[in-house]
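A.B. asks: What follows is the file my_file.txt, containing compact mmCIF, C-alpha atoms (C1' of nucleotides):
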```
# COMPACT_ATOMS: atom_id res chain seq x y z
CA MET X 1 0.00 0.00 0.00
CA ALA X 2 2.90 2.37 -0.58
CA ASP X 3 1.61 3.19 -4.04
CA ILE X 4 1.01 6.75 -4.87
CA ILE X 5 -2.63 7.15 -5.79
CA PHE X 6 -4.00 9.83 -8.06
CA SER X 7 -7.66 9.26 -8.93
CA PRO X 8 -10.36 9.34 -6.28
CA ALA X 9 -11.81 6.13 -7.67
CA ALA X 10 -8.53 4.29 -7.35
CA GLU X 11 -8.06 5.63 -3.87
CA ARG X 12 -11.49 4.44 -2.87
CA ALA X 13 -10.88 1.03 -4.35
CA ALA X 14 -7.52 0.69 -2.69
CA ALA X 15 -9.00 1.56 0.65
CA SER X 16 -11.23 -1.47 0.84
CA ALA X 17 -11.74 -3.32 -2.41
CA ASP X 18 -8.81 -5.67 -2.20
CA PRO X 19 -9.26 -8.22 0.57
CA GLU X 20 -5.63 -9.23 0.24
CA SER X 21 -4.71 -5.78 1.47
CA ARG X 22 -6.23 -6.52 4.86
CA ALA X 23 -3.64 -6.82 7.57
CA GLU X 24 -3.54 -10.04 9.57
CA GLY X 25 -5.98 -9.74 12.44
CA GLU X 26 -7.66 -6.66 10.98
CA PRO X 27 -11.44 -6.86 10.98
CA ILE X 28 -13.23 -7.35 7.68
CA TRP X 29 -14.87 -3.97 7.88
CA ASP X 30 -16.49 -3.91 4.47
CA LEU X 31 -18.60 -7.04 4.87
CA ILE X 32 -19.45 -6.26 8.50
CA GLU X 33 -20.84 -2.90 7.49
CA LEU X 34 -22.41 -3.98 4.23
CA LEU X 35 -24.34 -6.66 6.08
CA PHE X 36 -25.73 -3.98 8.35
CA PHE X 37 -26.67 -1.59 5.54
CA ALA X 38 -27.98 -4.26 3.19
CA TYR X 39 -30.16 -5.83 5.87
CA ARG X 40 -31.41 -2.45 7.01
CA ASP X 41 -32.68 -1.67 3.52
CA PHE X 42 -33.82 -5.23 2.84
CA VAL X 43 -36.33 -5.16 5.69
CA SER X 44 -37.42 -1.59 5.08
CA ASP X 45 -39.51 -2.37 1.99
CA PRO X 46 -41.91 -4.73 3.81
CA ASP X 47 -41.95 -2.44 6.84
CA HIS X 48 -43.66 0.31 4.91
CA VAL X 49 -46.42 -1.99 3.66
CA LEU X 50 -46.91 -3.66 7.03
CA GLU X 51 -47.43 -0.31 8.65
CA LYS X 52 -50.60 0.23 6.63
CA PHE X 53 -51.94 -3.07 7.96
CA GLY X 54 -51.06 -2.27 11.55
CA PHE X 55 -48.48 -5.05 11.57
CA GLY X 56 -44.79 -5.08 12.34
CA ARG X 57 -41.76 -7.15 11.51
CA ALA X 58 -42.76 -9.84 13.94
CA HIS X 59 -46.00 -10.39 12.05
CA HIS X 60 -44.07 -10.51 8.79
CA ARG X 61 -41.77 -13.26 9.99
CA VAL X 62 -44.64 -15.40 11.22
CA LEU X 63 -46.68 -14.88 8.09
CA HIS X 64 -43.66 -15.59 5.91
CA PHE X 65 -42.77 -18.91 7.47
CA VAL X 66 -46.35 -20.11 7.71
CA ASN X 67 -46.88 -19.23 4.06
CA ARG X 68 -43.73 -21.04 3.12
CA ASN X 69 -44.46 -24.11 5.16
CA PRO X 70 -48.19 -24.75 5.35
CA GLY X 71 -49.10 -27.01 8.24
CA LEU X 72 -46.13 -25.86 10.30
CA LYS X 73 -46.39 -26.76 13.97
CA VAL X 74 -46.22 -24.01 16.57
CA ALA X 75 -43.16 -25.62 18.14
CA ASP X 76 -41.32 -25.65 14.82
CA LEU X 77 -42.12 -22.02 14.21
CA LEU X 78 -40.81 -21.12 17.64
CA GLU X 79 -37.55 -22.87 16.93
CA THR X 80 -37.20 -21.24 13.53
CA LEU X 81 -37.78 -17.76 14.86
CA ARG X 82 -35.92 -18.42 18.10
CA ILE X 83 -38.44 -16.56 20.19
CA THR X 84 -40.61 -17.58 23.13
CA LYS X 85 -44.14 -18.82 22.81
CA GLN X 86 -45.33 -15.70 24.62
CA SER X 87 -43.75 -13.45 22.01
CA LEU X 88 -45.14 -15.57 19.22
CA GLY X 89 -48.54 -15.75 20.87
CA ARG X 90 -48.96 -12.02 20.80
CA VAL X 91 -48.50 -11.60 17.06
CA LEU X 92 -49.98 -14.94 16.05
CA LYS X 93 -53.21 -14.11 17.87
CA GLN X 94 -53.56 -10.92 15.86
CA LEU X 95 -52.89 -12.71 12.59
CA VAL X 96 -55.52 -15.31 13.43
CA ASP X 97 -58.07 -12.78 14.71
CA GLU X 98 -57.72 -10.70 11.57
CA GLY X 99 -58.00 -13.67 9.26
CA TYR X 100 -54.50 -14.02 7.88
CA VAL X 101 -53.68 -17.35 9.51
CA VAL X 102 -55.76 -20.32 10.61
CA GLN X 103 -54.92 -23.10 13.01
CA LYS X 104 -56.04 -26.68 12.52
CA GLU X 105 -55.89 -29.58 14.89
CA GLY X 106 -53.11 -32.01 14.03
CA PRO X 107 -54.51 -35.15 12.40
CA ASP X 108 -52.13 -37.55 14.14
CA ASP X 109 -51.63 -35.68 17.41
CA ARG X 110 -54.59 -33.52 18.33
CA ARG X 111 -52.51 -31.36 20.67
CA HIS X 112 -50.72 -29.90 17.66
CA ARG X 113 -51.99 -26.69 16.13
CA LEU X 114 -50.96 -26.71 12.50
CA LEU X 115 -50.64 -23.28 10.95
CA PHE X 116 -51.90 -22.27 7.51
CA VAL X 117 -52.27 -18.95 5.76
CA THR X 118 -55.68 -17.96 4.48
CA PRO X 119 -55.99 -16.63 0.91
CA LYS X 120 -55.83 -13.16 2.43
CA GLY X 121 -52.72 -14.17 4.35
CA GLU X 122 -51.09 -15.65 1.30
CA GLN X 123 -51.79 -12.53 -0.67
CA LEU X 124 -50.03 -10.35 1.88
CA ALA X 125 -47.15 -12.78 2.30
CA MET X 126 -46.61 -12.92 -1.44
CA LYS X 127 -46.78 -9.16 -1.75
CA LEU X 128 -44.05 -8.76 0.85
CA ALA X 129 -41.94 -11.50 -0.70
CA GLY X 130 -42.41 -9.76 -4.04
CA LEU X 131 -40.94 -6.55 -2.69
CA GLN X 132 -37.91 -8.34 -1.36
CA THR X 133 -37.57 -10.30 -4.57
CA ALA X 134 -37.64 -7.09 -6.56
CA ARG X 135 -34.74 -5.76 -4.55
CA ILE X 136 -32.77 -8.97 -4.94
CA THR X 137 -33.50 -9.10 -8.67
CA ARG X 138 -32.30 -5.54 -9.11
CA ALA X 139 -29.16 -6.37 -7.18
CA LEU X 140 -28.40 -9.55 -9.13
CA ALA X 141 -29.10 -7.89 -12.47
CA GLY X 142 -26.02 -5.73 -12.14
CA LEU X 143 -23.74 -8.64 -11.28
CA GLY X 144 -22.25 -11.63 -13.04
CA PRO X 145 -24.14 -14.79 -14.00
CA ASN X 146 -23.05 -16.69 -10.88
CA ALA X 147 -24.04 -13.96 -8.48
CA HIS X 148 -27.08 -15.82 -7.18
CA GLU X 149 -25.11 -18.96 -6.39
CA ALA X 150 -22.29 -16.94 -4.87
CA ALA X 151 -24.67 -15.01 -2.64
CA ARG X 152 -26.42 -18.17 -1.53
CA ALA X 153 -23.14 -19.92 -0.78
CA PHE X 154 -21.86 -16.97 1.24
CA LEU X 155 -25.04 -16.51 3.24
CA ALA X 156 -25.40 -20.23 3.93
CA ALA X 157 -21.81 -20.31 5.15
CA MET X 158 -22.56 -17.43 7.52
CA VAL X 159 -25.19 -19.46 9.33
CA ASP X 160 -24.20 -21.31 12.51
CA ASP X 161 -22.72 -24.71 11.76
CA GLU X 162 -25.35 -26.38 13.94
CA SER X 163 -28.20 -24.63 12.16
CA ARG X 164 -27.06 -24.72 8.56
CA GLU X 165 -28.20 -28.20 7.76
CA GLY X 166 -31.65 -27.50 9.16
CA VAL X 167 -31.93 -24.18 7.38
CA LEU X 168 -31.08 -25.68 4.01
CA ARG X 169 -33.46 -28.53 4.62
CA PHE X 170 -36.15 -26.04 5.55
CA ILE X 171 -35.66 -24.11 2.33
CA ALA X 172 -35.68 -27.23 0.19
CA ARG X 173 -38.66 -28.74 2.00
CA ALA X 174 -40.63 -25.53 1.72
CA ASP X 175 -39.95 -25.40 -2.01
CA ARG X 176 -41.43 -28.85 -2.37
CA ALA X 177 -44.38 -28.00 -0.15
CA ARG X 178 -45.31 -24.96 -2.14
CA ARG X 179 -44.63 -26.25 -5.61
CA PRO X 180 -47.85 -28.12 -6.33
CA ARG X 181 -50.36 -25.43 -5.49
CA MET L 182 -32.22 -29.74 -15.03
CA ALA L 183 -33.73 -32.85 -16.53
CA ASP L 184 -30.94 -34.93 -15.03
CA ILE L 185 -31.84 -37.97 -13.03
CA ILE L 186 -30.64 -37.42 -9.52
CA PHE L 187 -29.56 -40.11 -7.11
CA SER L 188 -27.81 -38.66 -4.06
CA PRO L 189 -29.73 -36.83 -1.33
CA ALA L 190 -27.27 -33.96 -1.57
CA ALA L 191 -27.93 -33.49 -5.26
CA GLU L 192 -31.65 -33.73 -4.71
CA ARG L 193 -31.47 -31.06 -2.05
CA ALA L 194 -29.45 -28.85 -4.33
CA ALA L 195 -31.88 -29.34 -7.19
CA ALA L 196 -34.76 -28.22 -5.02
CA SER L 197 -33.45 -24.70 -4.78
CA ALA L 198 -29.92 -24.39 -6.05
CA ASP L 199 -30.67 -23.53 -9.64
CA PRO L 200 -32.00 -20.01 -10.01
CA GLU L 201 -32.98 -20.75 -13.59
CA SER L 202 -35.54 -23.19 -12.24
CA ARG L 203 -37.43 -20.37 -10.59
CA ALA L 204 -40.71 -19.61 -12.28
CA GLU L 205 -41.28 -16.12 -13.58
CA GLY L 206 -42.72 -13.99 -10.79
CA GLU L 207 -41.89 -16.56 -8.14
CA PRO L 208 -40.14 -15.08 -5.10
CA ILE L 209 -36.46 -15.77 -4.58
CA TRP L 210 -37.10 -17.75 -1.42
CA ASP L 211 -33.60 -18.97 -0.81
CA LEU L 212 -31.93 -15.58 -0.58
CA ILE L 213 -34.83 -14.04 1.32
CA GLU L 214 -34.57 -16.71 3.97
CA LEU L 215 -30.81 -16.99 4.01
CA LEU L 216 -30.56 -13.26 4.64
CA PHE L 217 -32.78 -13.73 7.66
CA PHE L 218 -30.88 -16.69 9.06
CA ALA L 219 -27.40 -15.36 8.26
CA TYR L 220 -28.13 -11.99 9.83
CA ARG L 221 -29.71 -13.62 12.88
CA ASP L 222 -26.52 -15.57 13.57
CA PHE L 223 -24.21 -12.75 12.52
CA VAL L 224 -25.49 -10.45 15.26
CA SER L 225 -25.76 -13.18 17.88
CA ASP L 226 -22.02 -13.41 18.54
CA PRO L 227 -21.66 -9.79 19.70
CA ASP L 228 -24.96 -10.02 21.57
CA HIS L 229 -23.57 -12.56 24.01
CA VAL L 230 -20.54 -10.43 24.83
CA LEU L 231 -22.55 -7.23 25.10
CA GLU L 232 -24.84 -8.82 27.62
CA LYS L 233 -21.97 -9.15 30.09
CA PHE L 234 -21.35 -5.42 29.79
CA GLY L 235 -25.00 -4.52 30.25
CA PHE L 236 -25.17 -3.26 26.69
CA GLY L 237 -27.40 -4.13 23.76
CA ARG L 238 -27.29 -4.00 20.00
CA ALA L 239 -27.95 -0.30 19.97
CA HIS L 240 -24.78 0.31 21.97
CA HIS L 241 -22.87 -1.94 19.62
CA ARG L 242 -23.91 0.00 16.56
CA VAL L 243 -22.94 3.32 18.09
CA LEU L 244 -19.62 2.04 19.36
CA HIS L 245 -18.87 0.42 16.03
CA PHE L 246 -19.38 3.50 13.91
CA VAL L 247 -17.62 5.82 16.32
CA ASN L 248 -14.67 3.47 16.43
CA ARG L 249 -14.63 3.28 12.66
CA ASN L 250 -14.92 6.99 12.13
CA PRO L 251 -13.24 8.90 14.96
CA GLY L 252 -14.47 12.47 15.16
CA LEU L 253 -17.87 11.57 13.73
CA LYS L 254 -20.49 14.25 14.26
CA VAL L 255 -23.70 13.37 16.08
CA ALA L 256 -25.77 14.33 13.05
CA ASP L 257 -23.78 12.01 10.80
CA LEU L 258 -24.20 9.15 13.21
CA LEU L 259 -27.95 9.75 13.34
CA GLU L 260 -28.15 9.59 9.58
CA THR L 261 -26.05 6.45 9.40
CA LEU L 262 -28.12 4.60 11.98
CA ARG L 263 -31.40 6.11 10.80
CA ILE L 264 -32.70 6.60 14.30
CA THR L 265 -33.86 9.68 16.18
CA LYS L 266 -31.60 11.74 18.37
CA GLN L 267 -33.67 10.67 21.38
CA SER L 268 -32.96 7.01 20.70
CA LEU L 269 -29.30 7.75 20.14
CA GLY L 270 -29.12 9.96 23.22
CA ARG L 271 -30.18 7.17 25.51
CA VAL L 272 -27.43 4.75 24.53
CA LEU L 273 -24.79 7.36 23.80
CA LYS L 274 -25.19 8.79 27.28
CA GLN L 275 -24.48 5.38 28.78
CA LEU L 276 -21.43 4.85 26.60
CA VAL L 277 -20.08 8.26 27.62
CA ASP L 278 -20.91 7.83 31.31
CA GLU L 279 -19.18 4.48 31.42
CA GLY L 280 -16.09 5.70 29.65
CA TYR L 281 -16.36 4.04 26.24
CA VAL L 282 -16.91 7.19 24.20
CA VAL L 283 -15.88 10.83 24.64
CA GLN L 284 -17.30 13.92 23.01
CA LYS L 285 -15.17 16.88 21.98
CA GLU L 286 -16.21 20.30 20.84
CA GLY L 287 -15.82 20.76 17.09
CA PRO L 288 -12.78 22.91 16.26
CA ASP L 289 -14.43 24.79 13.41
CA ASP L 290 -18.02 24.79 14.67
CA ARG L 291 -18.28 24.66 18.44
CA ARG L 292 -21.88 23.42 18.31
CA HIS L 293 -20.65 20.10 16.98
CA ARG L 294 -19.91 17.29 19.39
CA LEU L 295 -17.31 15.09 17.75
CA LEU L 296 -17.36 11.49 18.93
CA PHE L 297 -14.31 9.39 19.77
CA VAL L 298 -13.85 6.01 21.39
CA THR L 299 -11.64 5.80 24.46
CA PRO L 300 -9.00 3.04 24.63
CA LYS L 301 -11.54 1.04 26.61
CA GLY L 302 -14.13 1.70 23.92
CA GLU L 303 -11.77 0.73 21.15
CA GLN L 304 -10.93 -2.48 22.93
CA LEU L 305 -14.58 -3.50 23.13
CA ALA L 306 -15.33 -2.40 19.57
CA MET L 307 -12.41 -4.41 18.24
CA LYS L 308 -13.39 -7.44 20.26
CA LEU L 309 -16.88 -7.39 18.77
CA ALA L 310 -15.55 -6.79 15.26
CA GLY L 311 -13.18 -9.70 15.83
CA LEU L 312 -16.06 -12.04 16.54
CA GLN L 313 -17.87 -11.01 13.40
CA THR L 314 -14.67 -11.26 11.40
CA ALA L 315 -14.10 -14.77 12.68
CA ARG L 316 -17.50 -15.81 11.39
CA ILE L 317 -16.91 -14.18 8.02
CA THR L 318 -13.46 -15.73 7.75
CA ARG L 319 -14.86 -19.18 8.50
CA ALA L 320 -17.53 -18.64 5.88
CA LEU L 321 -15.15 -17.41 3.19
CA ALA L 322 -12.65 -20.18 3.91
CA GLY L 323 -15.01 -22.79 2.52
CA LEU L 324 -15.72 -20.86 -0.67
CA GLY L 325 -13.86 -19.94 -3.83
CA PRO L 326 -11.14 -17.29 -4.11
CA ASN L 327 -13.53 -14.59 -5.29
CA ALA L 328 -16.05 -15.14 -2.54
CA HIS L 329 -15.16 -11.95 -0.68
CA GLU L 330 -15.57 -9.76 -3.76
CA ALA L 331 -18.76 -11.57 -4.73
CA ALA L 332 -20.25 -11.10 -1.28
CA ARG L 333 -19.31 -7.44 -1.22
CA ALA L 334 -20.74 -6.83 -4.66
CA PHE L 335 -24.01 -8.54 -3.77
CA LEU L 336 -24.45 -6.77 -0.46
CA ALA L 337 -23.56 -3.39 -1.93
CA ALA L 338 -26.09 -3.95 -4.69
CA MET L 339 -28.74 -4.72 -2.07
CA VAL L 340 -28.40 -1.27 -0.52
CA ASP L 341 -30.82 1.46 -1.59
CA ASP L 342 -29.65 3.23 -4.73
CA GLU L 343 -29.73 6.56 -2.94
CA SER L 344 -27.63 5.27 -0.06
CA ARG L 345 -25.11 3.08 -1.85
CA GLU L 346 -22.71 5.82 -2.86
CA GLY L 347 -22.64 7.20 0.67
CA VAL L 348 -22.21 3.78 2.21
CA LEU L 349 -19.25 2.94 0.00
CA ARG L 350 -17.72 6.32 0.67
CA PHE L 351 -18.20 5.80 4.37
CA ILE L 352 -16.42 2.46 4.26
CA ALA L 353 -13.54 3.84 2.23
CA ARG L 354 -13.23 6.99 4.32
CA ALA L 355 -13.28 5.02 7.53
CA ASP L 356 -10.51 2.79 6.24
CA ARG L 357 -8.38 5.85 5.66
CA ALA L 358 -9.25 7.33 9.03
CA ARG L 359 -8.20 4.24 10.92
CA ARG L 360 -5.12 3.33 8.93
CA PRO L 361 -2.51 5.62 10.51
CA ARG L 362 -2.94 4.66 14.13
C1' DA P 363 -26.46 44.25 16.27
C1' DG P 364 -30.30 41.56 16.18
C1' DA P 365 -32.90 37.80 14.08
C1' DA P 366 -33.02 33.38 12.20
C1' DA P 367 -31.21 29.02 11.55
C1' DT P 368 -28.52 25.06 13.16
C1' DA P 369 -26.56 21.32 16.32
C1' DT P 370 -27.31 19.21 20.19
C1' DG P 371 -29.63 17.71 24.50
C1' DT P 372 -33.54 16.57 27.38
C1' DC P 373 -38.22 15.51 29.27
C1' DA P 374 -42.38 12.91 28.83
C1' DA P 375 -45.20 9.61 26.80
C1' DC P 376 -46.07 5.80 23.94
C1' DA P 377 -45.43 1.36 20.75
C1' DT P 378 -43.22 -2.85 19.46
C1' DG P 379 -41.43 -6.94 20.41
C1' DG P 380 -38.20 -9.37 23.03
C1' DC P 381 -37.94 -11.76 27.95
C1' DT P 382 -39.18 -14.56 32.60
C1' DG P 383 -42.27 -16.90 35.73
C1' DA P 384 -46.45 -18.98 36.88
C1' DC P 385 -50.23 -21.44 35.83
C1' DA P 386 -54.13 -23.84 32.87
C1' DT P 387 -55.90 -27.21 29.58
C1' DA P 388 -56.08 -30.98 26.64
C1' DA P 389 -54.02 -34.93 24.68
C1' DT P 390 -50.63 -38.44 24.53
C1' DT P 391 -47.32 -41.58 26.50
C1' DT P 392 -45.68 -44.38 30.12
C1' DA M 393 -53.48 -43.40 36.89
C1' DA M 394 -49.50 -40.61 36.50
C1' DA M 395 -46.27 -38.22 33.93
C1' DT M 396 -45.10 -35.80 29.92
C1' DT M 397 -46.00 -32.93 26.01
C1' DA M 398 -48.04 -29.10 23.13
C1' DT M 399 -50.14 -25.13 23.43
C1' DG M 400 -52.16 -20.92 25.47
C1' DT M 401 -52.51 -17.12 28.69
C1' DC M 402 -51.76 -13.59 32.42
C1' DA M 403 -48.76 -10.32 34.40
C1' DG M 404 -44.86 -7.67 34.38
C1' DC M 405 -40.20 -6.18 32.92
C1' DC M 406 -36.68 -4.49 29.54
C1' DA M 407 -34.56 -2.57 25.29
C1' DT M 408 -35.10 0.32 21.77
C1' DG M 409 -37.68 2.48 18.48
C1' DT M 410 -41.16 6.61 17.91
C1' DT M 411 -43.38 11.73 18.35
C1' DG M 412 -43.76 16.31 20.29
C1' DA M 413 -42.24 20.06 22.91
C1' DC M 414 -38.87 22.80 24.56
C1' DA M 415 -33.90 24.58 26.10
C1' DT M 416 -29.19 26.07 25.10
C1' DA M 417 -25.32 27.44 22.66
C1' DT M 418 -23.44 28.79 18.45
C1' DT M 419 -23.27 30.27 13.83
C1' DT M 420 -25.13 32.60 9.88
C1' DC M 421 -27.91 35.94 7.67
C1' DT M 422 -29.80 40.54 6.94
```
If you took the structure in this file and wrote it as structure tokens, what would it be?
C.D. replies:
Amino acid sequence: MADIIFSPAAERAAASADPESRAEGEPIWDLIELLFFAYRDFVSDPDHVLEKFGFGRAHHRVLHFVNRNPGLKVADLLETLRITKQSLGRVLKQLVDEGYVVQKEGPDDRRHRLLFVTPKGEQLAMKLAGLQTARITRALAGLGPNAHEAARAFLAAMVDDESREGVLRFIARADRARRPR
Amino acid sequence: MADIIFSPAAERAAASADPESRAEGEPIWDLIELLFFAYRDFVSDPDHVLEKFGFGRAHHRVLHFVNRNPGLKVADLLETLRITKQSLGRVLKQLVDEGYVVQKEGPDDRRHRLLFVTPKGEQLAMKLAGLQTARITRALAGLGPNAHEAARAFLAAMVDDESREGVLRFIARADRARRPR
DNA sequence: AGAAATATGTCAACATGGCTGACATAATTT
DNA sequence: AAATTATGTCAGCCATGTTGACATATTTCT
């Protein structure tokens, strides 16, 4: 890094664009901060829509995972979201009362309450997913052909080792569950 | 993707790994969900440490950006975090009272309160950044040689168009600010 | 010089969404 | 019959976001 730099663009690039330039033990500032900024904007699109419905992020997460995995058990949802049943109960009750989610008795074990979105619930869930998809599509459009795979590989690798397997299984299982609608 | 698949791993991959298999208008479920799970785990490492100090995520964010950009003005920090001055005030006051951050009068404009981390503050900020860096390093280690650049490009593209320029400038500027220590 | 604008801080009140602890009910398993 | 499991609910606490109003010091504008 003893190069003499002339253009502002080159200076900017040199400051952070080359990961090899990072000193041993120096934090990876660019990805740490980009994760913060990217996530901040990623969740902001749904937030604006949810506000009009009187819902918050917590409702979005519940609606999303129920939509993606129809028949999900309450216990599984709790584990996925890593929140307590009291926290879930608060938002789930609202979603049920307002007709976005229904609960059915489990066919094998009648203690289970299987969760399903109503048509109204699916509509909202898909609208929110559409907003996030639009952002992702815009992002990928400006990148190379392998950008989707690269992003998926990076994000999957960022998940806890103990959770990764389950997360990937969840995604794959949900794809199968939703496909034949 | 008409291949006949035998192994469970390949089957799993086929369920969601090929973006070309996504129907037109179908949400990009994998990245939507991986962003959720990756971010959830990404912030959990610092959370555990912060708890011992009686701090939360809000303190972390403030400490992080002050550490990264010594002499930051309060107004700039507010814009970066996109929170109100009242929300910032609450956590900033604690960080100042407990000796992690100091405020100095601006040399040119004495209304400004320039923010700096103390040695104690820097130590904590670097510890937290180290945890996040360890996770990122582990993630990148299992991927190809361009994984860092690919991740950066994707995350930067996910940021709002209006914010992206500023975010990248912030990262580059902060790198310069911290380099000659 | 005086007025207006700016940067920051602070008080009070409220909303969201986490948490713990305690307890209730119904169904299943032992 | 007893123990365990799945779920729900009440009450209260905490962290962190919000709005609105107002105070102070400083700078800028006229």
A.B. asks: Box for range 120-137 of chain X - axis-aligned, 6 Å on each of the six sides, all listed atoms - centre and size in Å to one decimal, as lines of an AutoDock Vina configuration file.
C.D. replies:
```
center_x = -44.3
center_y = -10.7
center_z = -2.2
size_x = 35.1
size_y = 21.9
size_z = 25.0
```
A.B. asks: Mind running chain M against chain X at 12 Å and telling me each contacting residue's nearest atom pair with the distance in Å (one decimal), counting only C-alpha atoms (C1' of nucleotides), chain and number ascending, as JSON lines?
C.D. replies:
```
{"residue": "M:DT397", "atom": "C1'", "partner": "X:Arg111", "partner_atom": "CA", "distance": 8.6}
{"residue": "M:DA398", "atom": "C1'", "partner": "X:Arg111", "partner_atom": "CA", "distance": 5.6}
{"residue": "M:DT399", "atom": "C1'", "partner": "X:Arg111", "partner_atom": "CA", "distance": 7.2}
{"residue": "M:DG400", "atom": "C1'", "partner": "X:Gly89", "partner_atom": "CA", "distance": 7.8}
{"residue": "M:DT401", "atom": "C1'", "partner": "X:Gln86", "partner_atom": "CA", "distance": 8.4}
{"residue": "M:DC402", "atom": "C1'", "partner": "X:Gln86", "partner_atom": "CA", "distance": 10.3}
{"residue": "M:DA403", "atom": "C1'", "partner": "X:Gln86", "partner_atom": "CA", "distance": 11.7}
```
A.B. asks: Report, in Å with one decimal, the straight-line distance from CA of Leu95 in chain X to C1' of DG409 in chain M.
C.D. replies: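 These atoms are spaced 22.3 Å apart.
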A.B. asks: Sort by chain and increasing residue number a table of all residues of chain L within 8 Å of chain X, each with its closest pair of atoms and their distance in Å to one decimal, counting only C-alpha atoms, and write it as a tab-separated table.
C.D. replies:
```
residue	atom	partner	partner_atom	distance
L:Arg193	CA	X:Ala172	CA	6.1
L:Ala194	CA	X:Ala172	CA	7.9
L:Ala196	CA	X:Ala172	CA	5.4
L:Ser197	CA	X:Ala172	CA	6.0
L:Ala198	CA	X:Glu149	CA	7.3
L:Asp199	CA	X:Glu149	CA	7.9
L:Pro200	CA	X:His148	CA	7.1
L:Gly206	CA	X:Gly130	CA	8.0
L:Glu207	CA	X:Gly130	CA	8.0
L:Pro208	CA	X:Thr133	CA	5.5
L:Ile209	CA	X:Thr133	CA	5.6
L:Trp210	CA	X:Ile171	CA	7.5
L:Asp211	CA	X:Ile171	CA	6.4
L:Leu212	CA	X:Arg152	CA	6.2
L:Ile213	CA	X:Gln132	CA	7.0
L:Glu214	CA	X:Ile171	CA	7.7
L:Leu215	CA	X:Leu155	CA	5.8
L:Leu216	CA	X:Leu155	CA	6.6
L:Phe218	CA	X:Val159	CA	6.3
L:Ala219	CA	X:Val159	CA	4.8
L:Tyr220	CA	X:Leu35	CA	7.5
L:Asp222	CA	X:Val159	CA	5.9
L:Phe223	CA	X:Met158	CA	7.0
L:Met307	CA	X:Pro27	CA	7.7
L:Ala310	CA	X:Pro27	CA	5.9
L:Gly311	CA	X:Pro27	CA	5.9
L:Gln313	CA	X:Ile32	CA	7.0
L:Thr314	CA	X:Pro27	CA	5.5
L:Arg316	CA	X:Met158	CA	6.6
L:Ile317	CA	X:Met158	CA	6.5
L:Arg319	CA	X:Ala157	CA	7.8
L:Ala320	CA	X:Ala157	CA	4.7
L:Leu321	CA	X:Phe154	CA	7.0
L:Gly323	CA	X:Ala157	CA	7.7
L:Leu324	CA	X:Ala153	CA	7.5
L:Ala328	CA	X:Ala150	CA	6.9
L:His329	CA	X:Pro19	CA	7.1
L:Glu330	CA	X:Ala17	CA	7.6
L:Ala331	CA	X:Ala150	CA	6.4
L:Ala332	CA	X:Ala151	CA	6.1
L:Arg333	CA	X:Leu31	CA	6.1
L:Ala334	CA	X:Leu143	CA	7.5
L:Phe335	CA	X:Ala139	CA	6.5
L:Leu336	CA	X:Ala38	CA	5.7
L:Ala337	CA	X:Leu34	CA	6.3
L:Ala338	CA	X:Ala139	CA	4.6
L:Met339	CA	X:Ala38	CA	5.3
L:Val340	CA	X:Ala38	CA	4.8
L:Asp341	CA	X:Asp41	CA	6.3
L:Val348	CA	X:Phe37	CA	7.7
L:Arg350	CA	X:Arg12	CA	7.4
L:Ile352	CA	X:Asp30	CA	6.4
L:Ala353	CA	X:Ala15	CA	5.3
L:Arg354	CA	X:Ala15	CA	7.8
L:Asp356	CA	X:Ala15	CA	5.9
L:Arg357	CA	X:Ala15	CA	6.6
```
A.B. asks: For chain P, report every residue with an atom at most 12 Å from chain L (counting all atoms listed in the file), formatted as a PyMOL selection string.
C.D. replies: chain P and resi 368-374
A.B. asks: Mind giving me the straight-line distance from CA of His241 in chain L to CA of Thr265 in chain L in Å, one decimal?
C.D. replies: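 Straight-line distance from CA of His241 in chain L to CA of Thr265 in chain L works out to 16.4 Å.
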A.B. asks: Which distance in Å separates CA of Leu63 in chain X and C1' of DT378 in chain P, to one decimal?
C.D. replies: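 Interatomic distance here is 16.9 Å.
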